[in-house]
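Heads up, the thing below is written out as structure tokens.
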Amino acid sequence: MHVTHLSLADFRSYARVEVPLDPGVTAFVGANGQGKTNLVEAVGYLASLGSHRVSSDAPLVRMGAERAVIRAAVTQGERSQLVELELNPGKANRARINRSSQVRPRDVLGIVRTVLFAPEDLALVKGDPGERRRFLDELVTARSPRMAGVRSDYERVLKQRNTLLKSAAMARRHGGRSMDLSTLDVWDQHLGRVGAELLAQRLDLIATMQPLTDKAYADVAPGGGPVTLEYRSSVGAEVSPARTRDELYAQLIAALAEVRKQEIERGVTLVGPHRDDLVLGLRGMPAKGYGSHGESWSYALALRLASYELLSSEGNEPVLVLDDVFAELDARRRERLAELVAPGEQVLVTAAVDDDVPGVLAGTRYAVAAGEVERL
Ligand SMILES: Nc1ncnc2c1ncn2[C@@H]1O[C@H](COP(=O)(O)OP(=O)(O)OP(=O)(O)O)[C@@H](O)[C@H]1O
Ligand SMILES: [Mg+2]
């Protein structure tokens with residue numbers, strides 16, 4: 001798929017901007033702080049309902065404005081659609097498809113698909129487990145948009161279960177009445193049901209991504225691998241993609257039973273997908289803590305390239321977004337990455353310096369300066 005028009009109102013630094021887009025490569029070039037990333041961040045938001053830079057919506061709304069609107073015209077094969085999201089920080093966001101009546105924001109997932117490379121990706125390798133869980137869950141959702149509902153159900157159940165545990169912990173400390181444990185049993189079942197679904201999807205994703213990531217790593221850093229993706233679950237070592245959903249459910253329930261005493265002491269849910277990690281192995285060692293800076297970068301690139309392979313092979317080719325990545329790479333890896341992404345249906349690149357954009361990515365250029373986006 002590709003975006004044929006992007007239109008923003010009160011998004012980040014833009015009061016209003018209209019950007020017509022072609023398939024193939026488009027590069028946004030301009031000095032620091034001029035609004036290049038803001039443009040591609042908006043495209044990424046349509047694909048994931050989140051920003052790759054911030055975790056809340058408030059910074060996305062232009063300072064002083066109440067709401068932001070992102071609108072995009074999208075073409076996939078013969079089909080064209082118009083998607084629109086209105087961001088209302090602190091209130092519910094709104095969405096429309098083809099100017100018709102309102103839909104839930106999560107209903108727009110799947111219309112715009114992106115794989116976004118950014119300097120922030122280094123955190124995938126070097127950062128906390130939460131970074132890798134988000135990576136997995138965003139990809140799980142890109143593969144299957146209905147998982148957005150499962151993820152939000154999981155968040156909700158977890159929050160409510162934690163609230164219950166917290167009040168149990170308080171009661172215990174202050175010698176109050178002990179909790180009715182049957183209520184907790186019910187929440188265990190909810191958590192187990194949604195959690196098993198999320199686990200199953202993550203495990204299947206990792207199994208599929210393993211060979212793709214190994215190949216992508218060999219493409220960006222020849223001879224530097226092999227790489228291995230290993231899911232480390234709080235639920236236990238026996239969690240594997242070979243398990244059925246029912247087995248995962250049973251494992252999760254058993255793991256919850258095992259830690260229940262500690263959970264009541266500490267007032268927090270100690271096992272489940274929210275406590276898991278993806279261990280990124282490089283030549284038999286974890287990349288985190290062992291890999292060099294350059295290796296970590298190559299790993300992050302490989303994960304994104306593998307995501308692109310995966311989503312493309314499963315039907316609808318995503319838009320490739322490369323936000324400021326060339327400046328971070330040495331000349332050899334820059335050329336390799338450029339060659340790998342150049343054939344993409346649509347590639348959006350940002351760079352502060354024109355010369356940072358490799359020659360094979362010749363395409364449409366836009367100059368971005370002081371909120372104006374001008375075709376060169
Ligand atoms: N909510 C907001 N309201 C108004 N301005 C904002 C808002 N959020 C960010 N900005 C402004 O947007 C600018 C940053 O835009 P952006 O990140 O797109 O820059 P860039 O062109 O990608 O720069 P760089 O080359 O440094 O990456 C900053 O000057 C910032 O002050
Ligand atoms: Mg930028």
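Each chain of the structure tokens is named A, B, ... in the order shown, its residues numbered from 1; ligands are numbered from 1 in display order.
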**Message:** Among stretch 219-284 of chain A, which ones does DSSP assign to helix (DSSP H, G or I) (computed from the backbone)? Answer as a PyMOL selection string.
**Reply:** chain A and resi 219-220+245-266+273-275
**Message:** as a ChimeraX atom specification, please: every protein or nucleic acid residue near ligand 1 (cut-off 6 Å, counting only C-alpha atoms and all ligand atoms).
**Reply:** /A:12-13,31-38,59-63,352
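Residues surrounding stretch 2-7 of chain A within 9 Å are Arg16, Val17, Glu18, Val19, Pro20, Leu21, Asp22, Pro23, Gly24, Leu39, Ala42, Val43, Val69, Ile70, Arg71, Ala72, Ala73, Val74, Thr75, Gln76, Val112, Arg113, Glu317, Pro318, Val319, Glu345, Gln346 and Val347 of chain A [only C-alpha atoms; sequence separation below 4 positions excluded].
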Restricted to C-alpha atoms, what would the selected residues look like written as a PDB file, in the first residue's frame?
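Contents of the output file result11.pdb:
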```
ATOM      1  CA  ARG A  16      -1.987  23.002   8.694  1.00  0.00           C
ATOM      2  CA  VAL A  17      -0.038  21.167   6.047  1.00  0.00           C
ATOM      3  CA  GLU A  18      -0.944  19.281   2.890  1.00  0.00           C
ATOM      4  CA  VAL A  19       1.580  16.859   1.434  1.00  0.00           C
ATOM      5  CA  PRO A  20       0.832  14.998  -1.795  1.00  0.00           C
ATOM      6  CA  LEU A  21       2.867  11.794  -1.978  1.00  0.00           C
ATOM      7  CA  ASP A  22       3.919   9.469  -4.767  1.00  0.00           C
ATOM      8  CA  PRO A  23       4.805   5.815  -4.587  1.00  0.00           C
ATOM      9  CA  GLY A  24       8.547   5.163  -4.565  1.00  0.00           C
ATOM     10  CA  LEU A  39       5.442  14.347   9.193  1.00  0.00           C
ATOM     11  CA  ALA A  42       1.896  11.214  11.783  1.00  0.00           C
ATOM     12  CA  VAL A  43       1.983   8.438   9.172  1.00  0.00           C
ATOM     13  CA  VAL A  69      -6.173  15.809  13.047  1.00  0.00           C
ATOM     14  CA  ILE A  70      -4.222  13.385  10.875  1.00  0.00           C
ATOM     15  CA  ARG A  71      -5.785  12.516   7.551  1.00  0.00           C
ATOM     16  CA  ALA A  72      -4.399  10.301   4.832  1.00  0.00           C
ATOM     17  CA  ALA A  73      -5.536   9.057   1.452  1.00  0.00           C
ATOM     18  CA  VAL A  74      -4.323   5.517   0.990  1.00  0.00           C
ATOM     19  CA  THR A  75      -4.141   3.301  -2.066  1.00  0.00           C
ATOM     20  CA  GLN A  76      -3.868  -0.443  -1.985  1.00  0.00           C
ATOM     21  CA  VAL A 112      -2.091   2.223   6.808  1.00  0.00           C
ATOM     22  CA  ARG A 113       0.775  -0.143   7.506  1.00  0.00           C
ATOM     23  CA  GLU A 317       3.305  -4.260   1.707  1.00  0.00           C
ATOM     24  CA  PRO A 318       3.871  -1.590   4.353  1.00  0.00           C
ATOM     25  CA  VAL A 319       5.243   1.899   3.849  1.00  0.00           C
ATOM     26  CA  GLU A 345       6.406   0.388  -2.866  1.00  0.00           C
ATOM     27  CA  GLN A 346       6.713   3.565  -0.814  1.00  0.00           C
ATOM     28  CA  VAL A 347       9.723   4.743   1.165  1.00  0.00           C
TER      29      VAL A 347
END
```
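You can rank A:Lys288, A:Arg151, A:His293, A:Arg67 by their closest distance to A:Arg193 using only C-alpha atoms, and at the top of that list sits A:Arg151.
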**Message:** If DSSP is run on the backbone, what residues of stretch 148-279 of chain A are strand (DSSP E or B)? A reply as a ChimeraX atom specification would be ideal.
**Reply:** /A:227-232,277-279
